[in-house]
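The file model.txt comes next; it holds compact mmCIF, C-alpha atoms and all ligand atoms.
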# COMPACT_ATOMS: atom_id res chain seq x y z
CA MET A 36 71.65 35.54 11.35
CA LYS A 37 73.35 33.80 8.45
CA ARG A 38 71.80 31.29 6.10
CA VAL A 39 73.38 28.83 3.69
CA ASP A 40 72.62 31.14 0.80
CA ASP A 41 75.09 33.67 2.22
CA PHE A 42 77.89 31.27 1.24
CA ARG A 43 79.11 29.91 -2.07
CA LEU A 44 81.18 26.85 -2.92
CA ARG A 45 84.01 27.65 -5.30
CA LEU A 46 85.21 24.72 -7.39
CA GLY A 47 87.69 25.90 -9.98
CA LYS A 48 85.98 28.67 -11.92
CA GLN A 49 82.52 27.61 -10.79
CA GLU A 50 80.44 29.16 -8.00
CA LEU A 51 77.76 26.93 -6.56
CA VAL A 52 75.09 26.93 -3.90
CA PRO A 53 76.99 25.00 -1.19
CA ILE A 54 74.53 22.11 -0.97
CA VAL A 55 75.56 18.67 -2.20
CA VAL A 56 72.96 15.91 -2.34
CA GLY A 57 74.96 12.79 -1.54
CA GLY A 58 75.00 9.58 -3.57
CA MET A 59 72.50 6.98 -2.39
CA GLY A 60 73.17 3.57 -3.80
CA VAL A 61 71.19 1.56 -6.17
CA ASP A 62 69.23 4.42 -7.51
CA ILE A 63 67.87 5.95 -4.34
CA SER A 64 69.58 9.14 -5.52
CA THR A 65 68.07 8.98 -8.99
CA ALA A 66 69.02 11.04 -12.00
CA GLU A 67 65.84 13.09 -11.37
CA LEU A 68 66.99 13.97 -7.87
CA ALA A 69 70.52 14.82 -8.98
CA LEU A 70 69.18 16.90 -11.86
CA GLU A 71 67.03 18.93 -9.47
CA ALA A 72 70.02 19.70 -7.24
CA ALA A 73 71.99 20.81 -10.30
CA ARG A 74 69.09 22.88 -11.64
CA LEU A 75 68.91 24.70 -8.31
CA GLY A 76 72.60 25.57 -8.50
CA GLY A 77 74.03 22.91 -6.18
CA ILE A 78 75.55 19.49 -6.78
CA GLY A 79 73.59 16.27 -7.21
CA HIS A 80 74.94 12.72 -7.23
CA ILE A 81 73.93 9.68 -9.16
CA SER A 82 75.44 6.40 -7.99
CA ASP A 83 77.54 3.86 -9.82
CA ALA A 84 76.15 0.97 -7.76
CA MET A 85 74.64 -1.82 -9.86
CA VAL A 86 74.30 0.40 -12.91
CA PRO A 87 73.32 -2.46 -15.27
CA THR A 88 70.18 -3.15 -13.21
CA VAL A 89 69.51 0.59 -12.90
CA SER A 90 69.78 0.84 -16.67
CA ASP A 91 67.35 -2.07 -17.09
CA ARG A 92 64.77 -0.25 -14.98
CA ARG A 93 65.44 3.14 -16.54
CA PHE A 94 65.91 2.23 -20.19
CA ASN A 95 64.40 -1.23 -20.48
CA THR A 96 67.76 -2.84 -21.31
CA LYS A 97 68.27 -6.52 -20.46
CA TYR A 98 71.70 -6.65 -18.81
CA VAL A 99 70.62 -8.59 -15.71
CA LYS A 100 68.49 -11.10 -17.57
CA ASN A 101 71.27 -11.79 -20.06
CA LYS A 102 73.93 -12.18 -17.36
CA LEU A 103 71.73 -14.57 -15.45
CA ARG A 104 71.12 -16.56 -18.64
CA GLN A 105 74.87 -16.74 -19.30
CA TYR A 106 75.67 -18.05 -15.80
CA LYS A 107 72.51 -19.99 -15.03
CA PHE A 108 74.50 -23.25 -14.98
CA ASN A 109 76.28 -21.98 -11.86
CA VAL A 110 73.29 -20.93 -9.73
CA ALA A 111 73.39 -23.91 -7.38
CA ASN A 112 77.18 -23.89 -7.19
CA THR A 113 78.74 -22.42 -4.04
CA GLU A 114 81.80 -21.35 -6.06
CA LYS A 115 81.24 -18.01 -7.80
CA ALA A 116 84.67 -17.25 -9.28
CA VAL A 117 83.41 -18.07 -12.76
CA VAL A 118 80.77 -15.28 -12.63
CA GLN A 119 82.55 -12.37 -14.30
CA PHE A 120 81.27 -9.02 -15.49
CA ASP A 121 81.63 -8.31 -19.18
CA LEU A 122 83.55 -5.02 -19.09
CA GLY A 123 82.18 -3.92 -22.46
CA LEU A 124 78.61 -4.25 -21.22
CA LEU A 125 79.47 -2.54 -17.94
CA VAL A 126 80.87 0.41 -19.89
CA GLU A 127 77.78 0.45 -22.10
CA ALA A 128 75.39 0.53 -19.12
CA THR A 129 77.41 3.26 -17.36
CA ALA A 130 77.54 5.31 -20.55
CA LEU A 131 73.76 5.10 -20.86
CA HIS A 132 73.05 6.04 -17.24
CA VAL A 133 75.59 8.86 -17.08
CA GLY A 134 75.21 10.05 -20.68
CA ARG A 135 71.43 10.41 -20.56
CA THR A 136 71.63 12.16 -17.20
CA MET A 137 74.17 14.67 -18.45
CA GLU A 138 72.10 15.35 -21.58
CA ALA A 139 69.15 16.26 -19.36
CA LYS A 140 71.12 18.67 -17.15
CA ARG A 141 69.77 22.21 -16.83
CA GLY A 142 70.95 25.11 -14.72
CA ASP A 143 74.27 26.12 -13.23
CA GLY A 144 74.91 23.23 -10.88
CA LEU A 145 76.88 20.03 -11.34
CA ILE A 146 76.21 16.30 -11.50
CA PHE A 147 78.68 13.95 -9.86
CA ILE A 148 78.76 10.18 -9.59
CA ASN A 149 79.35 8.34 -6.31
CA CYS A 150 81.80 5.58 -7.05
CA MET A 151 82.17 2.83 -4.46
CA GLU A 152 85.43 0.89 -4.19
CA LYS A 153 83.67 -1.85 -2.21
CA LEU A 154 81.81 -2.89 -5.35
CA THR A 155 84.60 -5.32 -6.08
CA MET A 156 82.63 -7.19 -8.77
CA ASN A 157 84.91 -10.23 -8.91
CA ALA A 158 87.69 -8.13 -10.47
CA PRO A 159 88.18 -4.99 -8.36
CA ARG A 160 90.70 -3.03 -10.40
CA GLU A 161 89.36 -3.78 -13.85
CA THR A 162 85.72 -3.10 -13.03
CA LEU A 163 86.51 0.10 -11.11
CA ARG A 164 88.67 1.36 -13.97
CA ALA A 165 85.92 0.56 -16.49
CA ARG A 166 83.27 2.37 -14.41
CA LEU A 167 85.45 5.44 -13.81
CA LYS A 168 86.52 5.68 -17.44
CA ALA A 169 82.98 5.25 -18.75
CA ALA A 170 81.71 8.00 -16.44
CA LEU A 171 84.47 10.33 -17.65
CA ASP A 172 83.82 9.49 -21.30
CA SER A 173 80.13 10.18 -20.81
CA GLY A 174 80.69 13.72 -19.58
CA ILE A 175 80.18 13.43 -15.82
CA ASP A 176 81.06 16.71 -14.05
CA GLY A 177 82.74 15.01 -11.11
CA ILE A 178 83.47 11.73 -9.35
CA THR A 179 83.19 11.23 -5.60
CA LEU A 180 85.28 8.25 -4.49
CA ALA A 181 83.34 6.44 -1.77
CA ALA A 182 83.20 3.26 0.34
CA GLY A 183 86.88 2.46 0.50
CA LEU A 184 90.29 4.06 0.84
CA HIS A 185 90.75 4.40 -2.95
CA LEU A 186 94.52 4.38 -2.62
CA GLY A 187 94.97 3.40 -6.28
CA SER A 188 91.92 5.03 -7.86
CA PHE A 189 93.55 8.22 -9.19
CA ALA A 190 96.22 6.09 -10.84
CA LEU A 191 93.53 4.05 -12.62
CA ILE A 192 92.45 7.13 -14.61
CA GLU A 193 95.58 9.27 -14.70
CA ASP A 194 95.94 8.71 -18.44
CA HIS A 195 92.42 9.82 -19.20
CA PRO A 196 92.27 13.14 -21.11
CA ARG A 197 89.77 14.51 -18.56
CA PHE A 198 91.83 13.52 -15.48
CA ARG A 199 93.00 17.08 -14.79
CA ASP A 200 89.79 18.96 -15.55
CA VAL A 201 87.04 16.73 -14.11
CA LYS A 202 86.22 17.39 -10.45
CA LEU A 203 87.51 14.56 -8.28
CA GLY A 204 86.74 14.14 -4.59
CA ILE A 205 87.10 11.57 -1.87
CA ILE A 206 84.94 10.68 1.12
CA VAL A 207 86.86 10.13 4.36
CA SER A 208 85.82 9.64 7.97
CA SER A 209 89.18 10.42 9.56
CA LEU A 210 92.29 12.52 9.10
CA ARG A 211 94.31 9.33 8.81
CA ALA A 212 92.28 8.09 5.84
CA LEU A 213 92.80 11.44 4.11
CA GLN A 214 96.54 11.43 4.80
CA LEU A 215 96.84 7.92 3.38
CA PHE A 216 94.90 8.85 0.27
CA LEU A 217 96.98 11.98 -0.37
CA LYS A 218 100.22 10.07 0.16
CA LYS A 219 99.28 7.26 -2.22
CA SER A 220 97.86 9.60 -4.87
CA ALA A 221 100.76 12.09 -4.75
CA ARG A 222 102.52 10.31 -7.62
CA THR A 223 99.73 11.34 -10.02
CA GLY A 224 100.53 15.01 -9.31
CA ARG A 225 96.93 15.82 -8.61
CA LEU A 226 95.09 16.77 -5.43
CA PRO A 227 91.39 16.09 -4.93
CA ASP A 228 89.18 19.08 -5.74
CA TYR A 229 87.12 18.53 -2.59
CA VAL A 230 87.03 16.27 0.44
CA VAL A 231 83.75 15.02 1.88
CA ILE A 232 84.12 14.35 5.61
CA GLU A 233 81.46 11.85 6.57
CA GLY A 234 80.65 11.50 10.25
CA PRO A 235 79.00 8.65 12.16
CA LEU A 236 75.38 9.83 11.76
CA ALA A 237 75.26 9.32 7.97
CA GLY A 238 73.17 6.81 6.07
CA GLY A 239 74.53 3.91 4.05
CA HIS A 240 77.82 2.29 5.09
CA LEU A 241 79.83 3.96 7.83
CA GLY A 242 83.56 4.56 7.80
CA PHE A 243 83.65 3.69 11.52
CA GLY A 244 83.51 0.50 13.57
CA MET A 245 80.65 -0.43 15.86
CA ASP A 246 82.07 2.18 18.25
CA TRP A 247 80.79 4.87 15.85
CA ALA A 248 78.92 6.67 18.65
CA LYS A 249 82.25 7.72 20.20
CA TYR A 250 82.98 10.00 17.24
CA ASP A 251 81.50 13.29 16.21
CA LEU A 252 81.56 15.05 12.87
CA ALA A 253 82.49 18.52 14.12
CA SER A 254 85.63 17.26 15.88
CA ILE A 255 86.79 15.39 12.77
CA VAL A 256 86.15 18.45 10.59
CA ILE A 257 88.19 20.65 12.94
CA GLU A 258 91.04 18.15 13.06
CA ILE A 259 91.20 17.90 9.26
CA ARG A 260 90.78 21.66 8.79
CA ASP A 261 93.65 22.44 11.17
CA TRP A 262 95.94 19.84 9.63
CA MET A 263 95.26 21.14 6.13
CA LYS A 264 96.03 24.66 7.26
CA ALA A 265 99.32 23.54 8.78
CA GLU A 266 100.18 21.74 5.53
CA HIS A 267 99.19 24.80 3.44
CA LEU A 268 96.61 22.70 1.62
CA ASP A 269 93.58 24.55 0.33
CA ILE A 270 90.96 21.94 -0.57
CA PRO A 271 87.25 22.56 0.00
CA LEU A 272 85.93 20.51 2.91
CA ILE A 273 82.38 19.18 2.76
CA PRO A 274 81.02 17.70 6.02
CA ALA A 275 78.25 15.10 5.84
CA GLY A 276 76.14 13.09 8.24
CA GLY A 277 73.37 14.40 10.46
CA ILE A 278 73.16 17.91 8.96
CA PHE A 279 69.40 18.19 9.19
CA THR A 280 68.59 21.92 9.01
CA GLY A 281 69.95 24.97 7.24
CA SER A 282 71.23 26.16 10.62
CA ASP A 283 73.17 22.92 11.12
CA ALA A 284 74.75 23.60 7.74
CA VAL A 285 75.60 27.23 8.60
CA ALA A 286 77.36 26.08 11.78
CA PHE A 287 79.71 23.97 9.63
CA MET A 288 80.21 26.76 7.08
CA GLU A 289 81.22 29.09 9.91
CA MET A 290 83.68 26.45 11.03
CA GLY A 291 85.35 26.70 7.63
CA ALA A 292 83.46 24.12 5.57
CA ALA A 293 83.02 24.99 1.89
CA ALA A 294 79.68 23.19 1.52
CA VAL A 295 77.66 20.43 3.17
CA GLN A 296 76.61 17.03 1.85
CA VAL A 297 73.13 15.91 2.83
CA ALA A 298 70.98 12.90 1.96
CA THR A 299 68.45 11.71 4.55
CA ARG A 300 66.06 14.61 4.08
CA PHE A 301 65.87 13.84 0.36
CA THR A 302 64.84 10.21 0.95
CA VAL A 303 61.26 11.46 1.30
CA SER A 304 61.27 13.55 -1.88
CA ASN A 305 59.16 12.80 -4.94
CA GLU A 306 62.34 12.48 -6.99
CA CYS A 307 63.96 9.87 -4.72
CA GLY A 308 64.04 6.30 -6.05
CA LEU A 309 62.55 4.63 -2.96
CA PRO A 310 59.02 3.34 -3.52
CA GLU A 311 56.39 5.39 -1.72
CA ASP A 312 55.43 2.65 0.77
CA VAL A 313 59.08 2.51 1.85
CA GLN A 314 59.22 6.30 2.14
CA GLN A 315 56.26 6.08 4.53
CA GLU A 316 58.34 3.67 6.68
CA TYR A 317 61.07 6.31 6.82
CA PHE A 318 58.53 8.92 7.93
CA LYS A 319 57.02 6.66 10.57
CA ALA A 320 60.32 5.60 12.14
CA SER A 321 61.11 6.59 15.70
CA GLU A 322 64.62 6.77 17.11
CA THR A 323 64.47 3.24 18.50
CA ASP A 324 63.45 1.85 15.09
CA ILE A 325 66.90 2.62 13.65
CA GLU A 326 70.05 0.55 14.20
CA VAL A 327 73.63 0.26 13.03
CA ASN A 328 74.39 -3.38 12.30
CA THR A 329 76.98 -5.53 10.59
CA ILE A 330 74.83 -7.46 8.13
CA SER A 331 76.48 -5.86 5.09
CA PRO A 332 78.92 -8.32 3.47
CA THR A 333 81.26 -5.40 2.77
CA GLY A 334 82.49 -5.52 6.37
CA TYR A 335 81.42 -1.93 7.05
CA PRO A 336 78.70 -1.23 9.61
CA MET A 337 75.53 0.10 8.03
CA ARG A 338 72.60 2.10 9.43
CA MET A 339 69.07 0.99 8.59
CA LEU A 340 65.50 0.65 9.82
CA LYS A 341 65.14 -2.39 12.06
CA ASN A 342 62.11 -3.57 10.10
CA SER A 343 64.06 -3.80 6.82
CA PRO A 344 63.05 -7.03 5.03
CA ALA A 345 66.75 -7.63 4.35
CA ILE A 346 67.41 -8.39 8.02
CA GLY A 347 67.23 -12.12 8.63
CA SER A 348 66.41 -12.90 5.01
CA GLY A 349 67.90 -16.24 3.92
CA ILE A 350 67.51 -16.10 0.15
CA ARG A 351 69.84 -17.98 -2.15
CA PRO A 352 72.80 -15.81 -3.21
CA ASN A 353 72.02 -14.10 -6.47
CA CYS A 354 75.54 -13.62 -7.80
CA GLU A 355 74.78 -14.89 -11.29
CA ALA A 356 72.36 -12.01 -11.83
CA PHE A 357 74.19 -9.46 -9.66
CA GLY A 358 77.48 -10.36 -7.92
CA TYR A 359 78.61 -6.81 -7.19
CA LEU A 360 80.21 -7.69 -3.85
CA LEU A 361 82.21 -10.71 -4.99
CA ASP A 362 85.86 -10.17 -4.16
CA SER A 363 88.71 -11.04 -6.50
CA ALA A 364 88.46 -14.70 -5.41
CA GLY A 365 84.72 -14.84 -6.11
CA SER A 366 83.72 -14.84 -2.42
CA CYS A 367 81.19 -12.80 -0.50
CA GLN A 368 80.53 -12.99 3.25
CA TYR A 369 76.85 -13.62 2.58
CA ILE A 370 77.60 -16.77 0.56
CA GLU A 371 79.57 -18.14 3.52
CA ALA A 372 76.81 -17.30 6.00
CA TYR A 373 74.13 -18.76 3.74
CA ASN A 374 76.05 -21.99 3.15
CA ARG A 375 76.61 -22.37 6.88
CA GLU A 376 72.87 -22.09 7.61
CA VAL A 377 71.99 -24.49 4.79
CA ALA A 378 74.42 -27.05 6.24
CA LEU A 379 72.94 -26.55 9.73
CA HIS A 380 69.35 -27.04 8.52
CA PRO A 381 69.40 -29.86 5.99
CA GLY A 382 66.14 -30.22 4.07
CA ALA A 383 64.70 -26.92 5.36
CA LYS A 384 62.60 -25.11 2.73
CA LYS A 385 63.31 -21.68 4.16
CA ILE A 386 66.23 -20.58 6.28
CA LYS A 387 67.08 -17.43 8.14
CA VAL A 388 70.48 -15.77 7.93
CA MET A 389 70.88 -13.24 10.71
CA ASP A 390 74.53 -12.17 10.54
CA LYS A 391 74.79 -11.18 6.86
CA THR A 392 72.44 -10.23 4.04
CA CYS A 393 72.39 -10.61 0.29
CA LEU A 394 72.94 -6.88 -0.10
CA CYS A 395 72.85 -6.79 -3.92
CA THR A 396 69.40 -8.34 -4.11
CA HIS A 397 67.94 -6.42 -1.21
CA MET A 398 69.34 -3.04 -2.24
CA ARG A 399 68.14 -3.70 -5.79
CA ASN A 400 64.62 -4.43 -4.50
CA PHE A 401 64.57 -1.55 -1.96
CA GLU A 402 64.36 -4.04 0.91
CA CYS A 403 67.38 -2.80 2.83
CA TRP A 404 66.10 0.46 4.27
CA THR A 405 69.36 2.21 4.94
CA CYS A 406 68.96 5.68 6.40
CA GLY A 407 70.65 8.42 8.37
CA HIS A 408 70.50 8.73 12.16
CA TYR A 409 67.98 11.59 12.02
CA THR A 410 65.45 9.70 9.91
CA TYR A 411 63.17 9.82 12.94
CA ARG A 412 62.90 13.59 12.48
CA LEU A 413 61.55 13.35 8.90
CA LYS A 414 57.96 13.31 10.17
CA ASP A 415 58.54 16.86 11.44
CA THR A 416 59.42 18.09 7.94
CA THR A 417 56.00 17.62 6.34
CA ARG A 418 52.23 17.50 6.84
CA ARG A 419 49.93 14.53 7.00
CA ASN A 420 47.36 13.55 4.43
CA GLU A 421 43.77 12.86 5.41
CA ASP A 422 44.41 9.11 5.46
CA GLY A 423 47.17 9.60 8.03
CA SER A 424 50.05 9.06 5.58
CA TYR A 425 52.81 11.63 5.32
CA ARG A 426 53.04 13.97 2.37
CA LEU A 427 56.09 13.57 0.15
CA LEU A 428 58.07 16.71 -0.55
CA SER A 429 59.59 18.09 -3.72
CA ALA A 430 63.37 18.04 -3.85
CA GLU A 431 63.15 21.76 -4.59
CA HIS A 432 61.30 22.37 -1.34
CA ILE A 433 63.92 20.50 0.69
CA PHE A 434 66.82 22.12 -1.15
CA HIS A 435 65.40 25.60 -0.61
CA ASP A 436 64.74 24.84 3.03
CA TYR A 437 68.43 24.07 3.51
CA GLN A 438 69.37 27.13 1.47
CA PHE A 439 67.20 29.77 3.09
CA SER A 440 66.06 28.63 6.53
CA THR A 441 67.31 30.11 9.80
CA GLU A 442 66.98 29.47 13.54
CA ASN A 443 66.92 25.69 13.13
CA LYS A 444 63.51 25.92 11.53
CA VAL A 445 62.23 23.51 8.92
CA ALA A 446 59.68 24.92 6.48
CA LEU A 447 56.60 22.74 6.03
CA PRO A 448 55.10 22.41 2.55
CA ASP A 449 52.15 24.69 1.67
C1 LIG B 501 69.43 5.95 1.85
C2 LIG B 501 70.88 6.32 1.83
C3 LIG B 501 71.75 5.64 0.98
C4 LIG B 501 73.11 5.99 0.92
N1 LIG B 501 73.93 5.35 0.04
C5 LIG B 501 75.21 5.77 -0.10
C6 LIG B 501 76.04 5.21 -1.11
O1 LIG B 501 75.62 4.36 -1.89
N2 LIG B 501 77.34 5.64 -1.18
C7 LIG B 501 77.82 6.60 -0.34
O2 LIG B 501 78.98 6.96 -0.44
N3 LIG B 501 77.04 7.16 0.61
C8 LIG B 501 75.76 6.78 0.73
N4 LIG B 501 74.95 7.39 1.65
C9 LIG B 501 75.51 8.51 2.46
C10 LIG B 501 75.11 9.88 1.87
O3 LIG B 501 75.61 10.07 0.58
C11 LIG B 501 75.51 11.08 2.74
O4 LIG B 501 76.90 11.29 2.78
C12 LIG B 501 75.03 11.02 4.20
O5 LIG B 501 73.93 10.19 4.38
C13 LIG B 501 74.71 12.42 4.65
O6 LIG B 501 74.13 12.43 5.92
P1 LIG B 501 72.55 12.63 6.15
O7 LIG B 501 71.89 11.48 5.50
O8 LIG B 501 72.41 12.66 7.62
O9 LIG B 501 72.15 13.93 5.51
C14 LIG B 501 73.59 7.04 1.74
C15 LIG B 501 72.71 7.69 2.60
C16 LIG B 501 71.36 7.36 2.65
C17 LIG B 501 70.45 8.11 3.56
Here is the file; what I need is its structure written in the form of structure tokens.
Ligand SMILES: Cc1cc2nc3c(=O)[nH]c(=O)nc-3n(C[C@H](O)[C@H](O)[C@H](O)COP(=O)(O)O)c2cc1C
Amino acid sequence: MKRVDDFRLRLGKQELVPIVVGGMGVDISTAELALEAARLGGIGHISDAMVPTVSDRRFNTKYVKNKLRQYKFNVANTEKAVVQFDLGLLVEATALHVGRTMEAKRGDGLIFINCMEKLTMNAPRETLRARLKAALDSGIDGITLAAGLHLGSFALIEDHPRFRDVKLGIIVSSLRALQLFLKKSARTGRLPDYVVIEGPLAGGHLGFGMDWAKYDLASIVIEIRDWMKAEHLDIPLIPAGGIFTGSDAVAFMEMGAAAVQVATRFTVSNECGLPEDVQQEYFKASETDIEVNTISPTGYPMRMLKNSPAIGSGIRPNCEAFGYLLDSAGSCQYIEAYNREVALHPGAKKIKVMDKTCLCTHMRNFECWTCGHYTYRLKDTTRRNEDGSYRLLSAEHIFHDYQFSTENKVALPD
């Protein structure tokens, strides 16, 4: 019986344990978690979501406070076009987060950054270019393009001296999305080094509509694998979403995958950025406590625990401090929903907004408990403490369980 350790992921000259810990936005996949994956010979991701606030927490910088001070005059204004990111400061924060992480790297693995196109930041092209360039300048091993089609993203960095040697990958949820990306990027004369195929059981935003349950990861992987073969394209494929055990992973490797990307199991690791009381909520969840909803202002469905404080929260939009989801016209679907409820309830001290959420604020405060479909199985991966709480696991334990387990077993901690 095979185990994940019988396989290796080949990326250029590098041979890696074929386990990728996926990016989990706003510092759920911390540098510590990514560094552990790299130390153990796999790939870890940090995220480029809201890096200035991550830097404030990590390095005691004051990016958020200063931005809020600069735009305080606009807080009560429904128009947010004036709230712009200072690209120099954005580069500085990214350089700190990425640079310090890369300095701390040990072992043979790699550290990538998950870069989300949907973080439009009131100036989509300029802010994306600044984030990508800063990550490259700061020595990141690879960039995974996420949350969007990224049709112009290769072109944004094609002049960078590291464009041809850094590892670049894209996350897709369909063959069509991959075909579009390859077509639009062809002009840069560069193929992605890997393709993450994310199915409908993943955490975070989904690349599917609310009919996500009609799709299944294995079928999409087979469709993409067969098309690539017919096109004589040899790009490592990395399935993601609902791969819960080492045996699940082996099944995909035997199907021709080069590695797997996993995340949910690491949400209950010591190294994960979620506060421990939130991690206990993940452990406690049963299948019916998890839903896919449309409260994200990005327009993508998102999976989360139904008791997430973000659901129904009617806080004032916080774009002066954050503003990561403002589009190029300075709009965000949450601002519209909030303004509508305010107009419907004149004089109300507190309002509820059910259809959208202020995702920046709630992700920043770990109040949007996004999770994978199999979160309800996390309780079976550990032991309970005397007080009834669940014991957190080390990232090393989880990584090794994926790497060495067989027969769909999950090793409990000692
Ligand atoms: C808590 C959480 C946050 C996530 N955030 C992001 C994100 O910011 N960007 C992204 O591309 N994927 C995100 N994902 C998706 C993961 O990177 C990964 O592809 C997927 O969840 C793997 O499936 P699994 O969780 O069933 O193992 C997130 C997943 C989880 C569980």
Just want the residues within 6 Å of ligand LIG 501 (chain B), written as an MDAnalysis selection string, counting all atoms listed in the file.
chainID A and resid 57:60 181:182 233 236:239 275:278 296:299 405:407
Might you pull out every residue within 9 Å of Thr96 of chain A, with only C-alpha atoms counted and same-chain residues fewer than 4 positions away left off, and present them as a compact mmCIF listing (two decimals) with C-alpha atoms, keeping the file's coordinate frame?
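Output (result30.txt):
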# COMPACT_ATOMS: atom_id res chain seq x y z
CA PRO A 87 73.32 -2.46 -15.27
CA THR A 88 70.18 -3.15 -13.21
CA SER A 90 69.78 0.84 -16.67
CA ASP A 91 67.35 -2.07 -17.09
CA ARG A 92 64.77 -0.25 -14.98
CA ALA A 128 75.39 0.53 -19.12
Residues within 10 Å of Cys307 of chain A, only C-alpha atoms, excluding chain neighbours under 4 positions, as an MDAnalysis selection string
chainID A and resid 59 62:69 301:303 311 314 427:430
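Restricting the calculation to only C-alpha atoms, the smallest distance between Ser220 of chain A and any of A:Glu193, A:Asp362, A:Asp200, A:Glu316 is found for A:Glu193.
Compared by their closest atoms to Val117 of chain A, and using all atoms listed in the file, the residues A:Leu75, A:Gln105, A:Lys384, A:Ala292 rank with A:Gln105 nearest.
Distance-wise, atom CA of Val133 of chain A and atom CA of Val61 of chain A end up 13.8 Å apart.
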Among listed residues A:Leu340, A:Gly144, A:Ala221, A:Tyr359, nearest Asp83 of chain A (using all atoms listed in the file)
A:Tyr359
Separation of atom CA of Asp312 of chain A from atom CA of Tyr425 of chain A in Å
10.4 Å
Using all atoms listed in the file, which of the listed residues (A:Glu114, A:Glu402, A:Arg225, A:Ala294) sits closest to Gly281 of chain A?
A:Ala294
Residues within 12 Å of Lys341 of chain A, please, as a count of residues only. Count all atoms listed in the file; anything in the same chain fewer than 5 positions from it doesn't count.
19
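As for atom CA of Met389 of chain A and atom CA of Tyr373 of chain A, they are spaced 9.5 Å apart.
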Centre and edges of the segment 74-92 of chain A box, axis-aligned, 3 Å extra per side, as lines of an AutoDock Vina configuration file:
center_x = 71.2
center_y = 11.2
center_z = -11.6
size_x = 18.8
size_y = 34.7
size_z = 16.9
Using all atoms listed in the file - which residues lie no farther than 7 Å from the point (86.4, 23.7, -1.8) in the file's frame? Write them as a PDB file with C-alpha atoms, keeping the file's coordinate frame.
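Output file result_31.pdb is given in full below:
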ATOM      1  CA  LEU A  44      81.180  26.850  -2.920  1.00  0.00           C
ATOM      2  CA  ARG A  45      84.010  27.650  -5.300  1.00  0.00           C
ATOM      3  CA  LEU A  46      85.210  24.720  -7.390  1.00  0.00           C
ATOM      4  CA  ASP A 228      89.180  19.080  -5.740  1.00  0.00           C
ATOM      5  CA  TYR A 229      87.120  18.530  -2.590  1.00  0.00           C
ATOM      6  CA  ILE A 270      90.960  21.940  -0.570  1.00  0.00           C
ATOM      7  CA  PRO A 271      87.250  22.560   0.000  1.00  0.00           C
ATOM      8  CA  LEU A 272      85.930  20.510   2.910  1.00  0.00           C
ATOM      9  CA  ALA A 293      83.020  24.990   1.890  1.00  0.00           C
TER      10      ALA A 293
END
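The shell of residues at most 12 Å from Arg351 of chain A, with only C-alpha atoms counted and near chain neighbours (fewer than 4 positions) removed, consists of Val110, Ala111, Asn112, Thr113, Glu355, Ala356, Tyr369, Ile370, Glu371, Ala372, Tyr373, Asn374, Glu376, Val377, Lys384, Lys385, Ile386, Lys387, Val388, Thr392, Cys393, Leu394, Cys395, Thr396 and His397 of chain A.
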When you look at Met151 of chain A with a cut-off of 9 Å (counting all atoms listed in the file), what residues show up, excluding the ones that are within fewer than 3 positions of it in the same chain? I need them as a ChimeraX atom specification.
/A:82-84,154-155,163,179-183,185
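When all atoms listed in the file are used to compute distances to Arg43 of chain A, the closest of the residues A:Leu447, A:His267, A:Gly291, A:Arg104 turns out to be A:Gly291.
You can rank A:Arg199, A:Arg399, A:Lys97, A:Arg338 by their closest distance to Pro235 of chain A using all atoms listed in the file, and at the top of that list sits A:Arg338.
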Sphere at (80.2, 18.9, 12.0), radius 7 Å, counting only C-alpha atoms: residues as a VMD selection string:
chain A and resid 252 to 254 256 274 287
Just so I have it separately, write segment 76-83 of chain A from the block I sent, keeping N, CA and C atoms, as an mmCIF file, in the first residue's frame.
data_model
loop_
_atom_site.group_PDB
_atom_site.id
_atom_site.type_symbol
_atom_site.label_atom_id
_atom_site.label_comp_id
_atom_site.auth_asym_id
_atom_site.auth_seq_id
_atom_site.Cartn_x
_atom_site.Cartn_y
_atom_site.Cartn_z
ATOM 1 N N GLY A 76 10.189 19.772 4.314
ATOM 2 C CA GLY A 76 10.486 19.381 2.937
ATOM 3 C C GLY A 76 9.347 19.589 1.965
ATOM 4 N N GLY A 77 8.250 20.191 2.418
ATOM 5 C CA GLY A 77 7.129 20.476 1.521
ATOM 6 C C GLY A 77 7.093 21.949 1.142
ATOM 7 N N ILE A 78 5.890 22.427 0.846
ATOM 8 C CA ILE A 78 5.718 23.842 0.491
ATOM 9 C C ILE A 78 4.706 24.457 1.455
ATOM 10 N N GLY A 79 5.053 25.609 2.000
ATOM 11 C CA GLY A 79 4.118 26.353 2.845
ATOM 12 C C GLY A 79 3.778 27.676 2.182
ATOM 13 N N HIS A 80 2.574 28.174 2.474
ATOM 14 C CA HIS A 80 2.159 29.471 1.924
ATOM 15 C C HIS A 80 1.966 30.501 3.032
ATOM 16 N N ILE A 81 2.456 31.687 2.805
ATOM 17 C CA ILE A 81 1.932 32.835 3.529
ATOM 18 C C ILE A 81 0.917 33.483 2.588
ATOM 19 N N SER A 82 0.197 34.487 3.082
ATOM 20 C CA SER A 82 -0.840 35.091 2.260
ATOM 21 C C SER A 82 -0.524 36.573 2.072
ATOM 22 N N ASP A 83 -0.958 37.106 0.946
ATOM 23 C CA ASP A 83 -0.713 38.540 0.735
ATOM 24 C C ASP A 83 -1.964 39.371 1.066
#
